[in-house]
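J.: Take this structure first; my questions come after.
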Amino acid sequence: MQEEKKIDAVECFVEDISKAREIFWINPAVQAAKGGCRKYVSDGAQSDNISRKDIDEAEARLIRFAPYIERVFPETESQGGIIESPLAKIPKMKSYLESHGDKIFGDLFLKCDSHLPISGSVKARGGIYEVLKYAEELAVAEGILTYEDDYSVLAEDRFKEFFSGYSVAVGSTGNLGMSIGIISAKLGFKVDVHMSHDAKEWKKEVLRKAGVNVCEYSGDYEKAVAEGRKLAMADPRCHFVDDENSIDLFLGYAVAGRRLARQLAEQNIPVSEGNHLYVYIPCGVGGAPGGIAFGLKDEFGDNVHIYFAEPVQAPAMTLGLITGKFEKISATDVGLSGLTEADGLAVSRPSALVSPIMQRMLDGCFTVKDERLYPYLANLGEIENIWIEPSACAAFPGPGLVSVNVINGKKKHCHPTHIVWATGGNAVPENIMREYCKKSRDVKETN
């Protein structure tokens, strides 16, 4: 009988998903974090080898590269070449959300990965990290770099000449391509970014100006990735950044956990048994939010709860987790288009690497209609003076949904802290941001 109820619940969720209705799903398979993050990893998967040691190594590598980053990207000088974003309290946005929805228990913050230096999105974490690791491996193997060197030497022409004999490729809806393209071109690599035709034109232009070759495809994200992978595999001197299956990307994102812990400590915000942390992250294929979730769980254990946000037309991770089919089911299989104004989330199928891990780690998912994104964007900008792109706004319904459905009435959560993870926006041209704000006004007039 219990199994029948479980099947009925899955069918109900899938029906709502197929009709592009907004849903809020609490994951029944989430496990306690006791024993460390390793227990979340699916049996026999490639990711079984991921551990805290790997996050330590990723953080150490980023520190080694800091002198180089500071030298070639002056905007990172204030942080000594460390690519990090602020954590901002947004009380006015909290009031706005409450006036248009449910009461939010606790304080509301924005993790501004929308303002990460170099590429202005969350992808600057994992994307730049993977390219830096590849460059390091090549240079060390060639004997022109040692781990004890000052990595600022990588800006010299001799290194650019060396890297020009290699290439980097990636399939992307936009922001990952921006990060990979900018850092790869700066190092001297030849770069191909494979993008679906519906990716934002301004992002393609930014890449072209950086010296990146943009390859466009008439199909969706999956086709762009598949074509990019096929071409890269035929070239032994080409490194393909695989957003669907890359552990290096995953680890670059995971470093965010301990950095957030330091920011919370600096602002005297406790995370403990009586002070739980709730984090809401927009999700596309799942690499960035999955890596961040892994890092947060490694840092905070059972005191952090993580929810992914997706568009109603592209709920890739939500559908994969609810059905238990992971990457073997696509949003298009249930009649959805996979198209959304949240271009960074325009993905129909979740990561095969990340989705099994999230089955045990993620507290839940929720979906949001596109027309809600622009009012969030405009109001955040107008009342908090923080400007982000539409896909980064997908997580704003989370604090209200969780306050009503999860926190309400639970004493152990008496002092919750909510963090909406803003995934992109700072690189958006001013004229494009004005268009986004106009769409917000159009939504108000329609309603």
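Residues are referred to by chain and number: the chain letter is A, B, ... according to the order shown in the structure tokens, the number counts from 1 in that chain, and ligands are numbered separately from 1 in the order shown.
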Based on DSSP run over this structure's backbone, return all residues of segment 116-297 of chain A in helix (DSSP H, G or I), as an NGL selection string.
T.: :A and (123-142 or 151-155 or 157-163 or 175-187 or 201-209 or 221-233 or 247-254 or 256-266 or 287-297)
J.: Would you export the selected residues with C-alpha atoms as an mmCIF file, in the first residue's frame, please?
T.:
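Contents of again26.cif, freshly written:
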data_model
loop_
_atom_site.group_PDB
_atom_site.id
_atom_site.type_symbol
_atom_site.label_atom_id
_atom_site.label_comp_id
_atom_site.auth_asym_id
_atom_site.auth_seq_id
_atom_site.Cartn_x
_atom_site.Cartn_y
_atom_site.Cartn_z
ATOM 1 C CA LYS A 123 30.393 29.452 -13.760
ATOM 2 C CA ALA A 124 33.494 31.490 -12.914
ATOM 3 C CA ARG A 125 33.963 29.023 -10.044
ATOM 4 C CA GLY A 126 34.043 25.654 -11.758
ATOM 5 C CA GLY A 127 34.648 26.723 -15.346
ATOM 6 C CA ILE A 128 37.747 28.785 -14.674
ATOM 7 C CA TYR A 129 39.000 26.190 -12.196
ATOM 8 C CA GLU A 130 38.892 23.345 -14.740
ATOM 9 C CA VAL A 131 40.819 25.330 -17.351
ATOM 10 C CA LEU A 132 43.418 26.380 -14.779
ATOM 11 C CA LYS A 133 43.903 22.758 -13.744
ATOM 12 C CA TYR A 134 44.351 21.703 -17.379
ATOM 13 C CA ALA A 135 46.897 24.484 -17.958
ATOM 14 C CA GLU A 136 48.802 23.520 -14.819
ATOM 15 C CA GLU A 137 48.945 19.849 -15.800
ATOM 16 C CA LEU A 138 50.295 20.699 -19.266
ATOM 17 C CA ALA A 139 52.898 23.185 -18.011
ATOM 18 C CA VAL A 140 54.143 20.956 -15.191
ATOM 19 C CA ALA A 141 54.385 17.931 -17.504
ATOM 20 C CA GLU A 142 56.371 20.045 -19.980
ATOM 21 C CA TYR A 151 52.186 31.472 -11.060
ATOM 22 C CA SER A 152 52.125 35.050 -12.328
ATOM 23 C CA VAL A 153 54.799 33.854 -14.788
ATOM 24 C CA LEU A 154 51.958 32.199 -16.723
ATOM 25 C CA ALA A 155 51.143 35.630 -18.136
ATOM 26 C CA ASP A 157 54.455 35.191 -23.815
ATOM 27 C CA ARG A 158 56.389 31.907 -23.604
ATOM 28 C CA PHE A 159 53.466 30.286 -21.796
ATOM 29 C CA LYS A 160 50.903 31.713 -24.203
ATOM 30 C CA GLU A 161 52.950 30.338 -27.090
ATOM 31 C CA PHE A 162 53.065 26.933 -25.409
ATOM 32 C CA PHE A 163 49.317 26.829 -24.700
ATOM 33 C CA ASN A 175 27.546 31.405 -18.820
ATOM 34 C CA LEU A 176 29.818 28.349 -18.757
ATOM 35 C CA GLY A 177 30.934 29.212 -22.267
ATOM 36 C CA MET A 178 31.699 32.760 -21.108
ATOM 37 C CA SER A 179 33.918 31.526 -18.259
ATOM 38 C CA ILE A 180 35.688 28.842 -20.281
ATOM 39 C CA GLY A 181 36.150 31.122 -23.279
ATOM 40 C CA ILE A 182 37.527 34.135 -21.419
ATOM 41 C CA ILE A 183 40.061 32.287 -19.247
ATOM 42 C CA SER A 184 41.155 29.899 -22.028
ATOM 43 C CA ALA A 185 41.749 32.711 -24.503
ATOM 44 C CA LYS A 186 43.624 34.720 -21.851
ATOM 45 C CA LEU A 187 45.993 31.796 -21.233
ATOM 46 C CA GLU A 201 23.363 36.925 -28.668
ATOM 47 C CA TRP A 202 25.212 39.343 -26.394
ATOM 48 C CA LYS A 203 27.018 36.437 -24.743
ATOM 49 C CA LYS A 204 28.168 35.197 -28.134
ATOM 50 C CA GLU A 205 29.460 38.664 -28.944
ATOM 51 C CA VAL A 206 31.424 38.875 -25.679
ATOM 52 C CA LEU A 207 33.074 35.569 -26.546
ATOM 53 C CA ARG A 208 33.918 36.576 -30.096
ATOM 54 C CA LYS A 209 35.520 39.809 -28.865
ATOM 55 C CA TYR A 221 21.771 22.516 -25.400
ATOM 56 C CA GLU A 222 22.077 18.726 -25.652
ATOM 57 C CA LYS A 223 22.917 18.893 -29.351
ATOM 58 C CA ALA A 224 25.525 21.607 -28.807
ATOM 59 C CA VAL A 225 27.211 19.516 -26.109
ATOM 60 C CA ALA A 226 27.085 16.322 -28.187
ATOM 61 C CA GLU A 227 28.598 18.002 -31.250
ATOM 62 C CA GLY A 228 31.273 19.722 -29.198
ATOM 63 C CA ARG A 229 32.201 16.489 -27.459
ATOM 64 C CA LYS A 230 32.416 14.567 -30.738
ATOM 65 C CA LEU A 231 34.716 17.132 -32.365
ATOM 66 C CA ALA A 232 36.933 17.432 -29.288
ATOM 67 C CA MET A 233 37.350 13.688 -28.906
ATOM 68 C CA ILE A 247 34.459 16.125 -11.658
ATOM 69 C CA ASP A 248 36.870 19.049 -12.067
ATOM 70 C CA LEU A 249 33.977 21.454 -12.660
ATOM 71 C CA PHE A 250 32.174 19.904 -9.701
ATOM 72 C CA LEU A 251 35.149 20.448 -7.381
ATOM 73 C CA GLY A 252 35.670 24.022 -8.515
ATOM 74 C CA TYR A 253 32.102 24.764 -7.485
ATOM 75 C CA ALA A 254 32.435 22.806 -4.220
ATOM 76 C CA ALA A 256 32.171 27.667 -2.367
ATOM 77 C CA GLY A 257 31.107 25.804 0.785
ATOM 78 C CA ARG A 258 34.072 26.714 2.936
ATOM 79 C CA ARG A 259 34.258 30.237 1.542
ATOM 80 C CA LEU A 260 30.624 30.811 2.463
ATOM 81 C CA ALA A 261 31.370 29.458 5.943
ATOM 82 C CA ARG A 262 34.026 32.150 6.368
ATOM 83 C CA GLN A 263 31.655 34.870 5.155
ATOM 84 C CA LEU A 264 28.939 33.756 7.556
ATOM 85 C CA ALA A 265 31.426 33.770 10.438
ATOM 86 C CA GLU A 266 32.594 37.278 9.492
ATOM 87 C CA GLY A 287 26.998 20.775 -12.293
ATOM 88 C CA ALA A 288 27.254 24.155 -10.588
ATOM 89 C CA PRO A 289 24.419 23.755 -8.052
ATOM 90 C CA GLY A 290 25.454 20.158 -7.420
ATOM 91 C CA GLY A 291 29.046 21.091 -6.680
ATOM 92 C CA ILE A 292 27.965 23.960 -4.436
ATOM 93 C CA ALA A 293 25.545 21.646 -2.614
ATOM 94 C CA PHE A 294 28.305 19.092 -2.083
ATOM 95 C CA GLY A 295 30.610 21.752 -0.650
ATOM 96 C CA LEU A 296 27.882 23.113 1.621
ATOM 97 C CA LYS A 297 27.006 19.669 2.961
#
J.: So that I can see what lies close to Glu98 of chain A, please list as a ChimeraX atom specification the residues with an atom at most 12 Å from it, counting only C-alpha atoms and leaving out residues fewer than 2 positions away in the same chain.
T.: /A:91-96,100-106,108,396-401,403-404
J.: For segment 316-331 of chain A, work out the shell of residues within 10 Å, counting only C-alpha atoms and skipping chain neighbours fewer than 2 positions away, then give it as a count of residues only.
T.: 53
J.: Determine, counting only C-alpha atoms, which protein, DNA and RNA residues have an atom within 8 Å of an atom of Leu62 of chain A; residues of the same chain fewer than 4 positions away are not included. Present the result as an NGL selection string.
T.: :A and (58 or 66 or 82 or 129)
J.: Save out the residues we just selected, C-alpha atoms, as an mmCIF file, in the first residue's frame.
T.:
data_model
loop_
_atom_site.group_PDB
_atom_site.id
_atom_site.type_symbol
_atom_site.label_atom_id
_atom_site.label_comp_id
_atom_site.auth_asym_id
_atom_site.auth_seq_id
_atom_site.Cartn_x
_atom_site.Cartn_y
_atom_site.Cartn_z
ATOM 1 C CA ALA A 58 40.924 22.432 -5.503
ATOM 2 C CA ALA A 66 45.838 33.743 -7.516
ATOM 3 C CA ILE A 82 40.828 35.061 -5.446
ATOM 4 C CA TYR A 129 39.000 26.190 -12.196
#
J.: Please provide as a ChimeraX atom specification all residues within 7 Å of Asp192 of chain A, with the sequence filter that same-chain residues fewer than 4 positions apart are discarded (counting only C-alpha atoms).
T.: /A:168-170,212-215
J.: Would you put the residues from that selection into a file with C-alpha atoms, as a PDB file, in the first residue's frame?
T.:
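The resulting file, result29.pdb, is shown below:
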ATOM      1  CA  VAL A 168      39.755  23.900 -25.162  1.00  0.00           C
ATOM      2  CA  ALA A 169      36.126  23.218 -26.106  1.00  0.00           C
ATOM      3  CA  VAL A 170      32.816  23.352 -24.260  1.00  0.00           C
ATOM      4  CA  VAL A 212      36.739  32.685 -29.003  1.00  0.00           C
ATOM      5  CA  ASN A 213      35.283  30.677 -31.880  1.00  0.00           C
ATOM      6  CA  VAL A 214      31.518  30.374 -31.297  1.00  0.00           C
ATOM      7  CA  CYS A 215      29.857  27.395 -32.991  1.00  0.00           C
TER       8      CYS A 215
END
J.: Have a look at atom CA of Val279 of chain A and atom CA of Ser172 of chain A and let me know their distance in Å, one decimal.
T.: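 Rounded to one decimal, the two atoms are 24.7 Å apart.
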J.: If we count only C-alpha atoms, what is near Lys190 of chain A at a cut-off of 7 Å, once residues fewer than 6 positions away on the same chain are taken out, given as a list in words?
T.: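 In the requested form, the answer reads Ser164, Tyr166, Ser167 and Val168 of chain A.
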J.: Output N, CA and C atoms of each residue in that selection to a file, as a short mmCIF file (atom, residue, chain, number, x, y, z; two decimals), in the first residue's frame.
T.:
data_model
loop_
_atom_site.label_atom_id
_atom_site.label_comp_id
_atom_site.auth_asym_id
_atom_site.auth_seq_id
_atom_site.Cartn_x
_atom_site.Cartn_y
_atom_site.Cartn_z
N SER A 164 49.14 27.77 -26.94
CA SER A 164 48.52 27.93 -28.26
C SER A 164 48.58 26.66 -29.09
N TYR A 166 47.53 23.91 -27.97
CA TYR A 166 46.43 23.11 -27.44
C TYR A 166 45.13 23.88 -27.57
N SER A 167 44.03 23.17 -27.43
CA SER A 167 42.73 23.85 -27.52
C SER A 167 41.80 23.38 -26.41
N VAL A 168 40.79 24.20 -26.17
CA VAL A 168 39.75 23.90 -25.16
C VAL A 168 38.40 24.05 -25.84
#
J.: From segment 402-446 of chain A, collect each residue whose DSSP state is strand (DSSP E) and return the set as a PyMOL selection string.
T.: chain A and resi 417-422
J.: Ranking A:Ala234, A:His418, A:Ala88, A:Glu384 by minimum distance to His276 of chain A and counting only C-alpha atoms, which one comes first?
T.: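 Counting only C-alpha atoms, the residue closest to His276 of chain A is A:His418.
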J.: So how many Å separate atom CA of Glu22 of chain A and atom CA of Ile432 of chain A, to one decimal?
T.: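 Separation between atom CA of Glu22 of chain A and atom CA of Ile432 of chain A: 27.1 Å.
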J.: Neighbours of Arg64 of chain A within 9 Å (only C-alpha atoms; same-chain residues fewer than 3 positions away dropped), as a PyMOL selection string?
T.: chain A and resi 59-61+67-68+147-151
J.: Work out how far apart atom CA of Thr173 of chain A and atom CA of Pro315 of chain A are and give it in Å to one decimal.
T.: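 Distance between the two atoms: 15.2 Å.
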